[in-house]
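Shown below: start.txt, with compact mmCIF, C-alpha atoms (C1' of nucleotides) and all ligand atoms.
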```txt
# COMPACT_ATOMS: atom_id res chain seq x y z
CA MET J 1 1.70 7.22 -24.36
CA LYS J 2 3.61 4.96 -26.71
CA ASN J 3 1.65 3.17 -29.45
CA ILE J 4 2.18 -0.57 -29.18
CA THR J 5 0.94 -2.63 -32.13
CA ASN J 6 2.66 -5.93 -31.49
CA ILE J 7 2.47 -7.05 -27.87
CA PRO J 8 4.55 -10.26 -28.14
CA TYR J 9 7.28 -8.30 -29.88
CA TYR J 10 7.04 -5.53 -27.29
CA LEU J 11 7.44 -8.06 -24.48
CA LYS J 12 10.34 -9.80 -26.23
CA SER J 13 12.12 -6.51 -26.83
CA ASN J 14 11.87 -5.88 -23.09
CA ASP J 15 13.41 -9.24 -22.24
CA ILE J 16 10.12 -10.93 -21.31
CA LYS J 17 9.04 -14.22 -22.81
CA PRO J 18 5.58 -13.68 -24.23
CA SER J 19 3.50 -16.44 -22.67
CA PHE J 20 -0.24 -16.49 -23.29
CA GLN J 21 -1.05 -15.18 -19.81
CA ARG J 22 1.55 -12.43 -19.97
CA MET J 23 0.23 -11.25 -23.33
CA LYS J 24 -3.35 -11.19 -22.07
CA ILE J 25 -2.42 -9.32 -18.91
CA PHE J 26 -0.42 -6.73 -20.80
CA ASP J 27 -3.15 -6.44 -23.40
CA TYR J 28 -5.70 -5.74 -20.65
CA LEU J 29 -3.50 -3.05 -19.11
CA TYR J 30 -2.82 -1.45 -22.45
CA LYS J 31 -6.41 -1.42 -23.70
CA ASN J 32 -8.03 -0.39 -20.42
CA LYS J 33 -6.39 2.80 -19.24
CA ASN J 34 -8.27 2.51 -15.96
CA HIS J 35 -5.31 1.79 -13.67
CA PRO J 36 -6.76 -1.51 -12.52
CA THR J 37 -6.11 -3.45 -9.33
CA VAL J 38 -5.09 -7.12 -9.37
CA GLU J 39 -8.69 -7.90 -8.45
CA MET J 40 -10.03 -6.06 -11.50
CA ILE J 41 -7.63 -7.83 -13.83
CA TYR J 42 -8.52 -11.16 -12.28
CA LYS J 43 -12.27 -10.58 -12.55
CA GLU J 44 -11.99 -9.67 -16.21
CA LEU J 45 -9.44 -12.22 -17.43
CA SER J 46 -10.61 -15.25 -15.48
CA GLY J 47 -13.68 -15.14 -17.73
CA ILE J 48 -11.42 -15.59 -20.76
CA ILE J 49 -8.78 -17.81 -19.10
CA PRO J 50 -10.65 -19.89 -16.50
CA THR J 51 -7.48 -21.47 -15.12
CA LEU J 52 -5.78 -18.13 -14.48
CA SER J 53 -4.66 -17.67 -10.88
CA LYS J 54 -4.10 -14.46 -8.96
CA THR J 55 -0.59 -15.63 -8.20
CA THR J 56 0.19 -15.54 -11.91
CA ILE J 57 -1.15 -11.99 -12.10
CA TYR J 58 1.00 -10.94 -9.14
CA ASN J 59 4.06 -12.66 -10.62
CA THR J 60 3.47 -11.16 -14.02
CA LEU J 61 2.92 -7.62 -12.77
CA LYS J 62 6.02 -7.83 -10.59
CA LEU J 63 7.99 -8.90 -13.64
CA PHE J 64 6.50 -6.09 -15.76
CA VAL J 65 7.40 -3.52 -13.10
CA LYS J 66 10.94 -4.90 -12.87
CA LYS J 67 11.32 -4.66 -16.64
CA ASN J 68 9.93 -1.12 -16.60
CA ILE J 69 6.98 -1.67 -18.89
CA VAL J 70 4.44 -1.12 -16.10
CA ILE J 71 4.37 1.29 -13.17
CA ILE J 72 2.61 1.09 -9.82
CA VAL J 73 0.08 3.80 -9.06
CA ASN J 74 -0.02 4.24 -5.33
CA ILE J 75 -2.48 7.08 -4.93
CA GLU J 76 -4.53 5.23 -2.30
CA ASP J 77 -2.83 3.56 0.64
CA ASN J 78 -5.14 0.55 0.66
CA GLU J 79 -4.98 -0.44 -3.00
CA THR J 80 -2.19 -0.99 -5.48
CA ARG J 81 -2.97 -0.07 -9.08
CA TYR J 82 -1.05 -0.69 -12.28
CA ASP J 83 -0.42 1.36 -15.41
CA ALA J 84 1.10 0.36 -18.76
CA ASP J 85 1.82 4.01 -19.49
CA VAL J 86 5.35 4.43 -18.19
CA SER J 87 5.83 7.94 -19.49
CA THR J 88 6.16 10.62 -16.79
CA HIS J 89 2.68 11.75 -15.83
CA GLY J 90 0.63 12.46 -12.74
CA HIS J 91 -2.55 10.94 -11.36
CA PHE J 92 -5.67 12.67 -10.12
CA LYS J 93 -8.26 10.77 -8.11
CA CYS J 94 -11.76 12.16 -7.75
CA ILE J 95 -13.02 11.52 -4.23
CA LYS J 96 -16.62 11.52 -5.48
CA CYS J 97 -16.66 9.20 -8.51
CA LYS J 98 -13.34 7.44 -7.62
CA GLU J 99 -12.15 7.82 -11.22
CA ILE J 100 -8.42 8.18 -11.79
CA TYR J 101 -7.35 10.72 -14.41
CA ASP J 102 -3.95 11.07 -16.03
CA PHE J 103 -2.37 14.47 -16.35
CA LEU J 104 0.83 15.99 -17.60
CA PHE J 105 3.07 18.30 -15.62
CA ASP J 106 6.25 20.17 -16.28
CA THR J 107 9.12 18.44 -14.50
CA GLU J 108 11.68 20.90 -15.85
CA ASN J 109 10.22 23.93 -14.13
CA LEU J 110 9.38 22.09 -10.93
CA LYS J 111 11.06 24.15 -8.24
CA ILE J 112 12.34 21.85 -5.51
CA GLN J 113 14.29 23.03 -2.47
CA ASN J 114 16.40 21.05 0.02
CA LEU J 115 17.38 18.33 -2.48
CA LYS J 116 20.55 19.81 -3.93
CA GLY J 117 22.96 17.08 -4.96
CA PHE J 118 20.37 14.33 -4.70
CA GLN J 119 19.93 11.92 -7.62
CA LYS J 120 16.27 11.90 -8.58
CA ASP J 121 15.25 8.73 -10.40
CA LYS J 122 11.49 8.57 -10.13
CA ILE J 123 8.90 11.22 -9.51
CA ASP J 124 5.30 10.57 -8.53
CA LEU J 125 2.72 13.31 -8.38
CA TYR J 126 -0.70 12.50 -6.96
CA ILE J 127 -3.57 14.94 -6.61
CA LYS J 128 -6.92 14.30 -4.97
CA GLY J 129 -10.02 16.39 -5.30
CA ILE J 130 -13.22 16.59 -7.32
CA CYS J 131 -13.31 16.19 -11.08
CA LYS J 132 -15.02 18.57 -13.47
CA GLU J 133 -17.94 16.18 -14.11
CA CYS J 134 -18.73 15.76 -10.42
CA LEU J 135 -18.40 19.48 -9.73
CA PHE J 136 -21.10 20.20 -12.32
CA SER J 137 -23.44 17.32 -11.57
CA GLY J 138 -23.29 17.26 -7.78
CA MET P 1 6.55 23.10 10.30
CA LYS P 2 4.45 24.58 13.04
CA ASN P 3 5.98 24.86 16.52
CA ILE P 4 3.82 23.05 19.05
CA THR P 5 4.65 23.68 22.71
CA ASN P 6 1.58 22.33 24.41
CA ILE P 7 0.41 19.00 23.02
CA PRO P 8 -2.73 18.53 25.14
CA TYR P 9 -3.85 22.02 24.16
CA TYR P 10 -3.02 21.36 20.51
CA LEU P 11 -5.11 18.18 20.56
CA LYS P 12 -8.00 19.92 22.33
CA SER P 13 -7.97 22.80 19.88
CA ASN P 14 -8.34 20.20 17.11
CA ASP P 15 -11.34 18.58 18.74
CA ILE P 16 -9.42 15.60 20.14
CA LYS P 17 -9.60 14.58 23.78
CA PRO P 18 -6.00 14.39 25.00
CA SER P 19 -5.78 10.96 26.55
CA PHE P 20 -2.44 9.68 27.78
CA GLN P 21 -1.99 7.36 24.80
CA ARG P 22 -2.95 10.02 22.28
CA MET P 23 -0.54 12.51 23.80
CA LYS P 24 2.30 9.99 23.74
CA ILE P 25 1.60 9.00 20.15
CA PHE P 26 1.44 12.58 18.97
CA ASP P 27 4.54 13.43 20.99
CA TYR P 28 6.41 10.60 19.29
CA LEU P 29 5.35 11.76 15.84
CA TYR P 30 6.23 15.35 16.60
CA LYS P 31 9.64 14.69 18.13
CA ASN P 32 10.76 12.03 15.66
CA LYS P 33 10.49 13.46 12.17
CA ASN P 34 11.24 10.03 10.76
CA HIS P 35 7.82 9.32 9.20
CA PRO P 36 7.33 6.16 11.27
CA THR P 37 5.20 3.13 10.57
CA VAL P 38 2.70 1.78 13.12
CA GLU P 39 5.27 -0.89 13.92
CA MET P 40 7.94 1.69 14.74
CA ILE P 41 5.59 3.63 17.01
CA TYR P 42 4.55 0.42 18.70
CA LYS P 43 8.12 -0.77 19.27
CA GLU P 44 9.11 2.52 20.83
CA LEU P 45 6.06 3.30 22.95
CA SER P 46 5.30 -0.18 24.25
CA GLY P 47 8.52 0.19 26.22
CA ILE P 48 7.05 3.21 27.97
CA ILE P 49 3.40 2.06 28.01
CA PRO P 50 3.55 -1.75 28.33
CA THR P 51 -0.21 -2.18 27.96
CA LEU P 52 -0.40 -0.21 24.70
CA SER P 53 -2.02 -2.14 21.88
CA LYS P 54 -1.54 -1.71 18.16
CA THR P 55 -5.27 -1.29 17.79
CA THR P 56 -5.01 1.89 19.86
CA ILE P 57 -2.26 3.17 17.61
CA TYR P 58 -4.33 2.43 14.50
CA ASN P 59 -7.41 4.07 16.06
CA THR P 60 -5.44 7.10 17.20
CA LEU P 61 -3.70 7.66 13.88
CA LYS P 62 -6.98 7.31 12.00
CA LEU P 63 -8.46 9.97 14.28
CA PHE P 64 -5.44 12.25 13.83
CA VAL P 65 -5.69 11.94 10.05
CA LYS P 66 -9.43 12.67 10.16
CA LYS P 67 -8.79 15.76 12.26
CA ASN P 68 -6.02 16.86 9.90
CA ILE P 69 -3.18 16.97 12.40
CA VAL P 70 -1.38 14.03 10.78
CA ILE P 71 -0.91 12.99 7.15
CA ILE P 72 -0.23 9.62 5.59
CA VAL P 73 3.00 9.26 3.63
CA ASN P 74 2.44 6.65 0.99
CA ILE P 75 5.76 6.66 -0.85
CA GLU P 76 6.12 2.87 -0.67
CA ASP P 77 3.24 0.60 -1.63
CA ASN P 78 3.91 -1.91 1.12
CA GLU P 79 4.15 0.40 4.13
CA THR P 80 2.03 3.22 5.47
CA ARG P 81 3.92 5.99 7.20
CA TYR P 82 2.71 8.93 9.27
CA ASP P 83 3.78 12.56 9.55
CA ALA P 84 2.77 15.23 12.08
CA ASP P 85 3.94 17.92 9.66
CA VAL P 86 0.77 18.73 7.74
CA SER P 87 2.20 21.66 5.83
CA THR P 88 2.51 21.13 2.07
CA HIS P 89 5.81 19.42 1.40
CA GLY P 90 7.20 16.55 -0.64
CA HIS P 91 8.97 13.36 0.34
CA PHE P 92 12.16 11.88 -1.04
CA LYS P 93 13.14 8.29 -0.31
CA CYS P 94 16.69 7.12 -0.79
CA ILE P 95 16.71 3.63 -2.26
CA LYS P 96 20.12 2.97 -0.67
CA CYS P 97 19.79 4.05 2.97
CA LYS P 98 15.94 3.99 2.99
CA GLU P 99 15.89 7.39 4.70
CA ILE P 100 12.93 9.67 3.96
CA TYR P 101 13.72 13.34 3.47
CA ASP P 102 11.29 16.26 3.48
CA PHE P 103 11.51 18.88 0.80
CA LEU P 104 9.69 22.01 -0.25
CA PHE P 105 8.35 22.67 -3.70
CA ASP P 106 6.56 25.52 -5.36
CA THR P 107 2.91 24.60 -5.85
CA GLU P 108 2.09 27.97 -7.39
CA ASN P 109 4.33 27.52 -10.41
CA LEU P 110 3.50 23.84 -10.84
CA LYS P 111 2.40 23.60 -14.45
CA ILE P 112 -0.36 21.01 -14.76
CA GLN P 113 -2.18 20.22 -17.98
CA ASN P 114 -5.45 18.30 -18.53
CA LEU P 115 -6.97 19.26 -15.18
CA LYS P 116 -8.74 22.50 -16.07
CA GLY P 117 -11.83 22.98 -13.94
CA PHE P 118 -10.86 20.26 -11.46
CA GLN P 119 -10.93 21.07 -7.75
CA LYS P 120 -7.55 20.14 -6.30
CA ASP P 121 -7.69 19.48 -2.56
CA LYS P 122 -4.55 17.52 -1.77
CA ILE P 123 -1.26 17.21 -3.58
CA ASP P 124 1.35 14.55 -2.90
CA LEU P 125 4.78 14.64 -4.47
CA TYR P 126 7.08 11.67 -4.00
CA ILE P 127 10.58 11.32 -5.40
CA LYS P 128 12.82 8.31 -5.21
CA GLY P 129 16.53 8.19 -5.87
CA ILE P 130 19.84 8.37 -4.06
CA CYS P 131 20.58 10.93 -1.37
CA LYS P 132 23.66 13.12 -1.26
CA GLU P 133 25.28 11.10 1.55
CA CYS P 134 24.94 7.80 -0.28
CA LEU P 135 26.17 9.28 -3.55
CA PHE P 136 29.41 10.35 -1.87
CA SER P 137 30.00 7.32 0.32
CA GLY P 138 28.97 4.58 -2.07
C1' DC V 1 -24.25 8.84 43.46
C1' DA V 2 -26.10 6.34 38.92
C1' DT V 3 -26.09 6.54 34.06
C1' DT V 4 -24.25 7.46 29.65
C1' DT V 5 -20.56 8.31 26.67
C1' DT V 6 -15.92 7.81 25.27
C1' DG V 7 -11.48 5.48 25.15
C1' DT V 8 -8.58 1.30 25.43
C1' DT V 9 -7.65 -3.28 24.91
C1' DG V 10 -7.51 -8.27 23.31
C1' DT V 11 -9.08 -11.48 20.17
C1' DA V 12 -10.60 -12.83 16.01
C1' DA V 13 -11.55 -11.85 11.12
C1' DT V 14 -10.35 -10.02 6.76
C1' DG V 15 -7.87 -9.21 2.69
C1' DA V 16 -3.83 -8.40 0.05
C1' DT V 17 0.45 -10.23 -0.93
C1' DT V 18 4.17 -13.68 -0.78
C1' DA V 19 6.42 -18.30 -0.19
C1' DT V 20 6.58 -22.87 -1.30
C1' DA V 21 5.94 -26.92 -3.71
C1' DT V 22 4.05 -29.21 -7.67
C1' DT V 23 3.03 -29.53 -12.38
C1' DA V 24 3.34 -28.08 -17.18
C1' DA V 25 5.67 -26.27 -20.97
C1' DT V 26 9.67 -25.16 -23.42
C1' DG V 27 14.50 -25.42 -24.82
C1' DT V 28 18.64 -28.02 -25.72
C1' DA V 29 22.29 -31.52 -25.87
C1' DA V 30 23.28 -36.06 -27.31
C1' DT M 1 13.96 -38.83 -31.07
C1' DT M 2 14.96 -39.13 -25.85
C1' DA M 3 16.81 -37.21 -21.68
C1' DC M 4 17.79 -33.45 -18.99
C1' DA M 5 17.57 -28.57 -17.67
C1' DT M 6 15.20 -24.30 -17.46
C1' DT M 7 11.34 -21.46 -17.24
C1' DA M 8 6.40 -20.62 -16.49
C1' DA M 9 1.95 -21.39 -14.30
C1' DT M 10 -0.72 -23.01 -10.77
C1' DA M 11 -2.74 -24.34 -6.13
C1' DT M 12 -2.16 -24.27 -1.50
C1' DA M 13 -0.70 -22.53 2.57
C1' DA M 14 1.62 -18.85 5.17
C1' DT M 15 2.35 -14.13 6.37
C1' DC M 16 1.44 -9.52 7.46
C1' DA M 17 -1.07 -5.19 7.87
C1' DT M 18 -5.33 -3.61 8.97
C1' DT M 19 -10.09 -3.74 10.68
C1' DA M 20 -14.22 -5.47 13.24
C1' DC M 21 -16.08 -6.64 17.27
C1' DA M 22 -16.90 -7.24 21.99
C1' DA M 23 -15.46 -6.57 26.70
C1' DC M 24 -13.68 -3.62 29.97
C1' DA M 25 -12.16 0.88 31.97
C1' DA M 26 -12.31 5.73 32.47
C1' DA M 27 -14.51 10.00 32.30
C1' DA M 28 -18.28 13.02 31.74
C1' DT M 29 -22.89 14.21 32.84
C1' DG M 30 -26.65 15.38 35.73
MN MN J 201 -1.63 6.73 -15.70
MN MN J 202 7.29 14.91 5.95
ZN ZN J 203 -15.59 12.67 -10.25
ZN ZN J 204 20.80 7.53 1.22
```
As structure tokens, what does this structure read like?
Amino acid sequence: MKNITNIPYYLKSNDIKPSFQRMKIFDYLYKNKNHPTVEMIYKELSGIIPTLSKTTIYNTLKLFVKKNIVIIVNIEDNETRYDADVSTHGHFKCIKCKEIYDFLFDTENLKIQNLKGFQKDKIDLYIKGICKECLFSG
Amino acid sequence: MKNITNIPYYLKSNDIKPSFQRMKIFDYLYKNKNHPTVEMIYKELSGIIPTLSKTTIYNTLKLFVKKNIVIIVNIEDNETRYDADVSTHGHFKCIKCKEIYDFLFDTENLKIQNLKGFQKDKIDLYIKGICKECLFSG
DNA sequence: CATTTTGTTGTAATGATTATATTAATGTAA
DNA sequence: TTACATTAATATAATCATTACAACAAAATG
């Protein structure tokens, strides 16, 4: 994924005013590539910013998604996760250790039938199974 | 998708006791290939079965998913949809008309990197964009 | 038949998300 | 600078989907 050295500048260049909270939330997403939930972000950042509210996290993430600097990872139907890596990539979730792995796939050679003449804007590929670690250990 | 002529038999052969409610819910899913939400099923069937409760629909769908005769379609993060077609296929959602289309794709030639040695059990491919109809009309 | 198991339902609880209203911070025109 | 307007952050309350639980009904068992 893209290397971002200056978060306030990155936000500004995407038409987002870089408030303290917004910078911290983006920083968390960028540093931790763990596809966190709102709850995880809240748990972590409320230690640093005691006044931070979940509403602000929801507002901020909604804004980030609208401005295309964050994507929603919807691999599980009961939890919404977020990802600062907006490049096209897939997500694998291990049903044993619950870890989410990124992977790359070839969109060019993806053979799709029945969608001739359709405009394809966004493609999400989710795979579930058991990761290499868990296959060996368990 | 598979042609099912005898729903009670199909349920029985999948280790599900074919109660009236279960048969009606499966029948709805099988006849309407519209990937309905619980709400849609409830609206439709409560006209036929006035005593039907949403809890029963939730229970029934959870059972169907467990027994692998129904899959969850999770293309939108704020609504869970259900599909009686359990064969491997992808889902396209038109952002204009909101319609969900099925499509086929070639899993064999799907080039995936970074997942060597991972056991892949379930693959979900979601595409969003604008359908052919909406491209022409609008 | 009596007893146990399974299925259905209504109500209440939970938990994630959103709406609303208030307050704080920032920007800008005199 | 002050005064006013805009944007951001917050707390609280509301909503909505889903689940838990308990009561009741149906069916299976023997
Ligand atoms: Mn990712
Ligand atoms: Mn389908
Ligand atoms: Zn694992
Ligand atoms: Zn359309």
**Item:** All residues 12 Å or closer to DT28 of chain V, only C-alpha atoms (C1' of nucleotides), same chain fewer than 3 positions away omitted, as a ChimeraX atom specification
**Value:** /M:2-6
Dump as JSON lines the rows for residues of chain P within 8 Å of chain V: closest atom pair and distance in Å with one decimal, only C-alpha atoms (C1' of nucleotides) counted, ordered by chain and rising residue number.
```
{"residue": "P:Leu52", "atom": "CA", "partner": "V:DT9", "partner_atom": "C1'", "distance": 7.9}
{"residue": "P:Ser53", "atom": "CA", "partner": "V:DT9", "partner_atom": "C1'", "distance": 6.5}
{"residue": "P:Thr55", "atom": "CA", "partner": "V:DT9", "partner_atom": "C1'", "distance": 7.8}
{"residue": "P:Thr56", "atom": "CA", "partner": "V:DT8", "partner_atom": "C1'", "distance": 6.6}
```
Write as a tab-separated table (two decimals) with C-alpha atoms, in the frame of the given file the residues around ligand MN 202 (chain J), taking 8 Å as the cut-off and counting only C-alpha atoms (C1' of nucleotides) and all ligand atoms.
```tsv
chain	number	residue	atom	x	y	z
P	33	LYS	CA	10.49	13.46	12.17
P	34	ASN	CA	11.24	10.03	10.76
P	35	HIS	CA	7.82	9.32	9.20
P	73	VAL	CA	3.00	9.26	3.63
P	83	ASP	CA	3.78	12.56	9.55
P	84	ALA	CA	2.77	15.23	12.08
P	85	ASP	CA	3.94	17.92	9.66
P	86	VAL	CA	0.77	18.73	7.74
P	89	HIS	CA	5.81	19.42	1.40
P	90	GLY	CA	7.20	16.55	-0.64
P	91	HIS	CA	8.97	13.36	0.34
P	100	ILE	CA	12.93	9.67	3.96
P	101	TYR	CA	13.72	13.34	3.47
P	102	ASP	CA	11.29	16.26	3.48
P	103	PHE	CA	11.51	18.88	0.80
```
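Going from atom CA of Thr88 of chain P over to atom CA of Lys2 of chain P, you cover 11.7 Å.
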**Request:** Kindly provide, as JSON, numbers by chain, the residues of chain P having any atom no farther than 7 Å from an atom of chain J, counting all atoms listed in the file.
**Result:** {"P": [74, 77, 80, 103, 104, 105, 106, 110, 111, 112, 113, 114, 115, 117, 118, 119, 120, 121, 122, 123, 124, 125, 126, 127, 128, 129, 130, 131, 132]}
Selection file, C-alpha atoms, as a tab-separated table (two decimals), in the coordinates of the input:
```tsv
chain	number	residue	atom	x	y	z
P	74	ASN	CA	2.44	6.65	0.99
P	77	ASP	CA	3.24	0.60	-1.63
P	80	THR	CA	2.03	3.22	5.47
P	103	PHE	CA	11.51	18.88	0.80
P	104	LEU	CA	9.69	22.01	-0.25
P	105	PHE	CA	8.35	22.67	-3.70
P	106	ASP	CA	6.56	25.52	-5.36
P	110	LEU	CA	3.50	23.84	-10.84
P	111	LYS	CA	2.40	23.60	-14.45
P	112	ILE	CA	-0.36	21.01	-14.76
P	113	GLN	CA	-2.18	20.22	-17.98
P	114	ASN	CA	-5.45	18.30	-18.53
P	115	LEU	CA	-6.97	19.26	-15.18
P	117	GLY	CA	-11.83	22.98	-13.94
P	118	PHE	CA	-10.86	20.26	-11.46
P	119	GLN	CA	-10.93	21.07	-7.75
P	120	LYS	CA	-7.55	20.14	-6.30
P	121	ASP	CA	-7.69	19.48	-2.56
P	122	LYS	CA	-4.55	17.52	-1.77
P	123	ILE	CA	-1.26	17.21	-3.58
P	124	ASP	CA	1.35	14.55	-2.90
P	125	LEU	CA	4.78	14.64	-4.47
P	126	TYR	CA	7.08	11.67	-4.00
P	127	ILE	CA	10.58	11.32	-5.40
P	128	LYS	CA	12.82	8.31	-5.21
P	129	GLY	CA	16.53	8.19	-5.87
P	130	ILE	CA	19.84	8.37	-4.06
P	131	CYS	CA	20.58	10.93	-1.37
P	132	LYS	CA	23.66	13.12	-1.26
```
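Between chain J and its sequence-identical counterpart chain P, the C-alpha RMSD after optimal superposition is 0.0 Å.
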**Asked** Could you list, as number ranges by chain, every residue of chain M that has an atom within 10 Å of an atom of chain J, counting all atoms listed in the file?
**Response** M: 7-11, 18
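If you look at atom CA of Tyr30 of chain J and atom CA of Gly47 of chain J, they are 18.1 Å away from each other.
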**Fill in**
Students should find that atom CA of Lys96 of chain P and atom CA of Thr60 of chain J are spaced 25.6 Å
**Request:** Tell me, as a VMD selection string, which residues lie within 12 Å of Asn32 of chain J, counting all atoms listed in the file; anything in the same chain fewer than 3 positions away does not count.
**Result:** chain J and resid 24 to 29 35 to 37 40 to 41 44 82 to 85
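The shortest atom-to-atom distance to Tyr58 of chain J, with only C-alpha atoms taken into account, belongs to J:Val38 out of J:Ile16, J:Val38, J:Leu45, J:Ile4.
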Put a box with edges along x, y and z around all the listed atoms of segment 4-9 of chain M, pad it by 6 Å on each side, then give me its centre and sizes in Å, one decimal, as JSON.
```
{"center_x": 9.9, "center_y": -27.0, "center_z": -16.6, "size_x": 27.8, "size_y": 24.8, "size_z": 16.7}
```
